[in-house]
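Trainee: Here you go, this is target-v4.cif (mmCIF, N, CA and C atoms).
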data_start
loop_
_atom_site.label_atom_id
_atom_site.label_comp_id
_atom_site.auth_asym_id
_atom_site.auth_seq_id
_atom_site.Cartn_x
_atom_site.Cartn_y
_atom_site.Cartn_z
N MET A 20 6.49 7.08 -21.12
CA MET A 20 7.50 8.09 -21.01
C MET A 20 6.83 9.41 -20.64
N ILE A 21 7.38 10.09 -19.70
CA ILE A 21 6.82 11.35 -19.23
C ILE A 21 7.65 12.49 -19.80
N SER A 22 6.99 13.44 -20.39
CA SER A 22 7.70 14.59 -20.93
C SER A 22 7.18 15.86 -20.27
N ASP A 23 7.96 16.91 -20.35
CA ASP A 23 7.59 18.18 -19.74
C ASP A 23 6.84 19.09 -20.71
N LYS A 24 6.53 18.60 -21.88
CA LYS A 24 5.85 19.42 -22.87
C LYS A 24 4.35 19.47 -22.55
N ALA A 25 3.82 20.65 -22.63
CA ALA A 25 2.38 20.82 -22.42
C ALA A 25 1.66 20.52 -23.73
N VAL A 26 0.60 19.76 -23.64
CA VAL A 26 -0.17 19.39 -24.82
C VAL A 26 -1.55 20.01 -24.68
N GLU A 27 -1.90 20.81 -25.68
CA GLU A 27 -3.23 21.42 -25.68
C GLU A 27 -4.20 20.52 -26.42
N ILE A 28 -5.30 20.23 -25.77
CA ILE A 28 -6.35 19.43 -26.40
C ILE A 28 -7.54 20.34 -26.64
N GLN A 29 -7.90 20.48 -27.90
CA GLN A 29 -9.05 21.31 -28.23
C GLN A 29 -10.29 20.44 -28.15
N ARG A 30 -11.23 20.90 -27.36
CA ARG A 30 -12.47 20.15 -27.17
C ARG A 30 -13.64 20.97 -27.66
N LYS A 31 -14.60 20.29 -28.20
CA LYS A 31 -15.83 20.95 -28.61
C LYS A 31 -16.86 20.74 -27.51
N LEU A 32 -17.34 21.83 -26.96
CA LEU A 32 -18.34 21.75 -25.90
C LEU A 32 -19.71 22.04 -26.47
N LYS A 33 -20.66 21.26 -26.03
CA LYS A 33 -22.04 21.46 -26.44
C LYS A 33 -22.83 21.81 -25.18
N ILE A 34 -23.36 23.02 -25.14
CA ILE A 34 -24.07 23.51 -23.96
C ILE A 34 -25.56 23.52 -24.28
N GLU A 35 -26.33 22.79 -23.48
CA GLU A 35 -27.78 22.67 -23.69
C GLU A 35 -28.50 23.08 -22.42
N PRO A 36 -29.58 23.83 -22.55
CA PRO A 36 -30.37 24.15 -21.35
C PRO A 36 -31.10 22.91 -20.83
N ILE A 37 -31.20 22.79 -19.52
CA ILE A 37 -31.89 21.66 -18.90
C ILE A 37 -33.36 22.03 -18.80
N GLU A 38 -34.20 21.13 -19.30
CA GLU A 38 -35.64 21.39 -19.29
C GLU A 38 -36.16 21.38 -17.85
N GLY A 39 -37.06 22.28 -17.56
CA GLY A 39 -37.70 22.32 -16.26
C GLY A 39 -36.87 23.01 -15.19
N SER A 40 -35.79 23.67 -15.59
CA SER A 40 -34.96 24.38 -14.61
C SER A 40 -34.71 25.80 -15.10
N TYR A 41 -34.31 26.66 -14.19
CA TYR A 41 -34.07 28.06 -14.52
C TYR A 41 -32.57 28.34 -14.48
N ASN A 42 -32.02 28.78 -15.60
CA ASN A 42 -30.59 29.09 -15.73
C ASN A 42 -29.68 27.91 -15.40
N SER A 43 -30.07 26.71 -15.76
CA SER A 43 -29.23 25.53 -15.58
C SER A 43 -28.93 24.94 -16.95
N TYR A 44 -27.68 24.59 -17.15
CA TYR A 44 -27.26 24.08 -18.44
C TYR A 44 -26.45 22.79 -18.27
N ALA A 45 -26.58 21.90 -19.24
CA ALA A 45 -25.77 20.68 -19.27
C ALA A 45 -24.64 20.90 -20.28
N VAL A 46 -23.43 20.60 -19.86
CA VAL A 46 -22.27 20.76 -20.71
C VAL A 46 -21.82 19.38 -21.16
N ARG A 47 -21.85 19.16 -22.45
CA ARG A 47 -21.43 17.88 -23.02
C ARG A 47 -20.11 18.08 -23.73
N ASP A 48 -19.20 17.19 -23.50
CA ASP A 48 -17.85 17.30 -24.04
C ASP A 48 -17.73 16.36 -25.24
N LYS A 49 -17.42 16.94 -26.40
CA LYS A 49 -17.19 16.14 -27.60
C LYS A 49 -15.69 16.13 -27.86
N GLU A 50 -15.03 15.06 -27.46
CA GLU A 50 -13.58 14.98 -27.63
C GLU A 50 -13.26 14.07 -28.81
N LYS A 51 -12.29 14.49 -29.59
CA LYS A 51 -11.87 13.67 -30.72
C LYS A 51 -11.09 12.47 -30.19
N ARG A 52 -11.23 11.36 -30.88
CA ARG A 52 -10.52 10.16 -30.47
C ARG A 52 -9.04 10.25 -30.76
N ASP A 53 -8.27 9.62 -29.91
CA ASP A 53 -6.83 9.55 -30.11
C ASP A 53 -6.53 8.18 -30.72
N TRP A 54 -6.18 8.18 -31.99
CA TRP A 54 -5.98 6.93 -32.72
C TRP A 54 -4.54 6.43 -32.67
N SER A 55 -3.64 7.13 -32.02
CA SER A 55 -2.23 6.76 -32.05
C SER A 55 -2.00 5.38 -31.42
N GLY A 56 -2.69 5.06 -30.35
CA GLY A 56 -2.54 3.76 -29.71
C GLY A 56 -3.03 2.64 -30.60
N ASN A 57 -4.12 2.86 -31.29
CA ASN A 57 -4.68 1.83 -32.17
C ASN A 57 -3.80 1.62 -33.40
N VAL A 58 -3.22 2.69 -33.92
CA VAL A 58 -2.33 2.57 -35.08
C VAL A 58 -1.08 1.79 -34.69
N TYR A 59 -0.54 2.08 -33.52
CA TYR A 59 0.65 1.37 -33.03
C TYR A 59 0.33 -0.11 -32.86
N LEU A 60 -0.81 -0.43 -32.27
CA LEU A 60 -1.21 -1.82 -32.07
C LEU A 60 -1.41 -2.54 -33.40
N ALA A 61 -1.99 -1.87 -34.39
CA ALA A 61 -2.19 -2.47 -35.70
C ALA A 61 -0.85 -2.76 -36.39
N CYS A 62 0.12 -1.86 -36.24
CA CYS A 62 1.44 -2.07 -36.84
C CYS A 62 2.14 -3.27 -36.20
N VAL A 63 2.06 -3.38 -34.90
CA VAL A 63 2.68 -4.52 -34.21
C VAL A 63 2.01 -5.81 -34.63
N ALA A 64 0.67 -5.80 -34.71
CA ALA A 64 -0.04 -7.01 -35.13
C ALA A 64 0.32 -7.40 -36.56
N ALA A 65 0.47 -6.40 -37.45
CA ALA A 65 0.83 -6.69 -38.84
C ALA A 65 2.23 -7.27 -38.91
N ILE A 66 3.16 -6.74 -38.15
CA ILE A 66 4.53 -7.28 -38.14
C ILE A 66 4.55 -8.71 -37.62
N LEU A 67 3.81 -8.97 -36.56
CA LEU A 67 3.74 -10.32 -36.04
C LEU A 67 3.09 -11.29 -37.03
N ALA A 68 2.06 -10.85 -37.72
CA ALA A 68 1.40 -11.71 -38.71
C ALA A 68 2.34 -12.01 -39.86
N ILE A 69 3.08 -11.02 -40.34
CA ILE A 69 4.02 -11.24 -41.43
C ILE A 69 5.12 -12.20 -40.98
N ALA A 70 5.62 -12.02 -39.77
CA ALA A 70 6.67 -12.91 -39.24
C ALA A 70 6.15 -14.33 -39.08
N PHE A 71 4.91 -14.48 -38.69
CA PHE A 71 4.34 -15.81 -38.46
C PHE A 71 4.12 -16.55 -39.77
N PHE A 72 3.65 -15.87 -40.80
CA PHE A 72 3.30 -16.54 -42.06
C PHE A 72 4.47 -16.64 -43.04
N THR A 73 5.64 -16.14 -42.71
CA THR A 73 6.79 -16.28 -43.62
C THR A 73 7.77 -17.30 -43.10
#
Translate the structure of the given file into structure tokens.

Mentor:
Amino acid sequence: MISDKAVEIQRKLKIEPIEGSYNSYAVRDKEKRDWSGNVYLACVAAILAIAFFT
């Protein structure tokens, strides 16, 4: 489903200087995991397991 709401994702950036270079930096992105898909999948699997064993 596509919605028109803007979602802000806060990311933690880790900036490290690159060895052997002058004024060059590596930017590493530390993004938090989105667990909503896994939680949904676990709920569906639990419902199917309960339905199967009853």

Trainee: What is the CA of Lys33 (chain A) to CA of Val46 (chain A) distance in Å?

Mentor: 5.8 Å

Trainee: Give me, please, the distance in Å between CA of Lys31 (chain A) and CA of Ala45 (chain A), quoted to one decimal.

Mentor: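 Separating CA of Lys31 (chain A) from CA of Ala45 (chain A) is a distance of 13.6 Å.
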
Trainee: If you measure from CA of Leu67 (chain A) to CA of Ser55 (chain A), what distance in Å do you get, rounded to one decimal?

Mentor: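 Computing it gives 18.5 Å between the two atoms.
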
Trainee: Mind the document's chain letters and residue numbers, and return as a list in words the residues of region 33-69 of chain A that DSSP labels strand (DSSP E or B).

Mentor: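 Filtering region 33-69 of chain A to strand (DSSP E or B) leaves Lys33, Ile34, Glu35, Pro36, Tyr44, Ala45, Val46, Arg47, Asp48 and Lys49 of chain A.
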
Trainee: Regenerate region 54-71 of chain A at the level of N, CA, C and O atoms and dump it as a PDB file, keeping the file's coordinate frame.

Mentor:
ATOM      1  N   TRP A  54      -6.180   8.180 -31.990  1.00  0.00           N
ATOM      2  CA  TRP A  54      -5.980   6.930 -32.720  1.00  0.00           C
ATOM      3  C   TRP A  54      -4.540   6.430 -32.670  1.00  0.00           C
ATOM      4  O   TRP A  54      -4.238   5.381 -33.211  1.00  0.00           O
ATOM      5  N   SER A  55      -3.640   7.130 -32.020  1.00  0.00           N
ATOM      6  CA  SER A  55      -2.230   6.760 -32.050  1.00  0.00           C
ATOM      7  C   SER A  55      -2.000   5.380 -31.420  1.00  0.00           C
ATOM      8  O   SER A  55      -1.187   4.606 -31.913  1.00  0.00           O
ATOM      9  N   GLY A  56      -2.690   5.060 -30.350  1.00  0.00           N
ATOM     10  CA  GLY A  56      -2.540   3.760 -29.710  1.00  0.00           C
ATOM     11  C   GLY A  56      -3.030   2.640 -30.600  1.00  0.00           C
ATOM     12  O   GLY A  56      -2.404   1.567 -30.678  1.00  0.00           O
ATOM     13  N   ASN A  57      -4.120   2.860 -31.290  1.00  0.00           N
ATOM     14  CA  ASN A  57      -4.680   1.830 -32.170  1.00  0.00           C
ATOM     15  C   ASN A  57      -3.800   1.620 -33.400  1.00  0.00           C
ATOM     16  O   ASN A  57      -3.648   0.499 -33.874  1.00  0.00           O
ATOM     17  N   VAL A  58      -3.220   2.690 -33.920  1.00  0.00           N
ATOM     18  CA  VAL A  58      -2.330   2.570 -35.080  1.00  0.00           C
ATOM     19  C   VAL A  58      -1.080   1.790 -34.690  1.00  0.00           C
ATOM     20  O   VAL A  58      -0.630   0.917 -35.419  1.00  0.00           O
ATOM     21  N   TYR A  59      -0.540   2.080 -33.520  1.00  0.00           N
ATOM     22  CA  TYR A  59       0.650   1.370 -33.030  1.00  0.00           C
ATOM     23  C   TYR A  59       0.330  -0.110 -32.860  1.00  0.00           C
ATOM     24  O   TYR A  59       1.110  -0.984 -33.269  1.00  0.00           O
ATOM     25  N   LEU A  60      -0.810  -0.430 -32.270  1.00  0.00           N
ATOM     26  CA  LEU A  60      -1.210  -1.820 -32.070  1.00  0.00           C
ATOM     27  C   LEU A  60      -1.410  -2.540 -33.400  1.00  0.00           C
ATOM     28  O   LEU A  60      -1.006  -3.692 -33.562  1.00  0.00           O
ATOM     29  N   ALA A  61      -1.990  -1.870 -34.390  1.00  0.00           N
ATOM     30  CA  ALA A  61      -2.190  -2.470 -35.700  1.00  0.00           C
ATOM     31  C   ALA A  61      -0.850  -2.760 -36.390  1.00  0.00           C
ATOM     32  O   ALA A  61      -0.691  -3.799 -37.035  1.00  0.00           O
ATOM     33  N   CYS A  62       0.120  -1.860 -36.240  1.00  0.00           N
ATOM     34  CA  CYS A  62       1.440  -2.070 -36.840  1.00  0.00           C
ATOM     35  C   CYS A  62       2.140  -3.270 -36.200  1.00  0.00           C
ATOM     36  O   CYS A  62       2.738  -4.090 -36.901  1.00  0.00           O
ATOM     37  N   VAL A  63       2.060  -3.380 -34.900  1.00  0.00           N
ATOM     38  CA  VAL A  63       2.680  -4.520 -34.210  1.00  0.00           C
ATOM     39  C   VAL A  63       2.010  -5.810 -34.630  1.00  0.00           C
ATOM     40  O   VAL A  63       2.670  -6.819 -34.877  1.00  0.00           O
ATOM     41  N   ALA A  64       0.670  -5.800 -34.710  1.00  0.00           N
ATOM     42  CA  ALA A  64      -0.040  -7.010 -35.130  1.00  0.00           C
ATOM     43  C   ALA A  64       0.320  -7.400 -36.560  1.00  0.00           C
ATOM     44  O   ALA A  64       0.455  -8.573 -36.874  1.00  0.00           O
ATOM     45  N   ALA A  65       0.470  -6.400 -37.450  1.00  0.00           N
ATOM     46  CA  ALA A  65       0.830  -6.690 -38.840  1.00  0.00           C
ATOM     47  C   ALA A  65       2.230  -7.270 -38.910  1.00  0.00           C
ATOM     48  O   ALA A  65       2.472  -8.239 -39.668  1.00  0.00           O
ATOM     49  N   ILE A  66       3.160  -6.740 -38.150  1.00  0.00           N
ATOM     50  CA  ILE A  66       4.530  -7.280 -38.140  1.00  0.00           C
ATOM     51  C   ILE A  66       4.550  -8.710 -37.620  1.00  0.00           C
ATOM     52  O   ILE A  66       5.230  -9.576 -38.195  1.00  0.00           O
ATOM     53  N   LEU A  67       3.810  -8.970 -36.560  1.00  0.00           N
ATOM     54  CA  LEU A  67       3.740 -10.320 -36.040  1.00  0.00           C
ATOM     55  C   LEU A  67       3.090 -11.290 -37.030  1.00  0.00           C
ATOM     56  O   LEU A  67       3.528 -12.446 -37.157  1.00  0.00           O
ATOM     57  N   ALA A  68       2.060 -10.850 -37.720  1.00  0.00           N
ATOM     58  CA  ALA A  68       1.400 -11.710 -38.710  1.00  0.00           C
ATOM     59  C   ALA A  68       2.340 -12.010 -39.860  1.00  0.00           C
ATOM     60  O   ALA A  68       2.403 -13.157 -40.346  1.00  0.00           O
ATOM     61  N   ILE A  69       3.080 -11.020 -40.340  1.00  0.00           N
ATOM     62  CA  ILE A  69       4.020 -11.240 -41.430  1.00  0.00           C
ATOM     63  C   ILE A  69       5.120 -12.200 -40.980  1.00  0.00           C
ATOM     64  O   ILE A  69       5.509 -13.110 -41.719  1.00  0.00           O
ATOM     65  N   ALA A  70       5.620 -12.020 -39.770  1.00  0.00           N
ATOM     66  CA  ALA A  70       6.670 -12.910 -39.240  1.00  0.00           C
ATOM     67  C   ALA A  70       6.150 -14.330 -39.080  1.00  0.00           C
ATOM     68  O   ALA A  70       6.884 -15.304 -39.298  1.00  0.00           O
ATOM     69  N   PHE A  71       4.910 -14.480 -38.690  1.00  0.00           N
ATOM     70  CA  PHE A  71       4.340 -15.810 -38.460  1.00  0.00           C
ATOM     71  C   PHE A  71       4.120 -16.550 -39.770  1.00  0.00           C
ATOM     72  O   PHE A  71       4.367 -17.757 -39.872  1.00  0.00           O
TER      73      PHE A  71
END
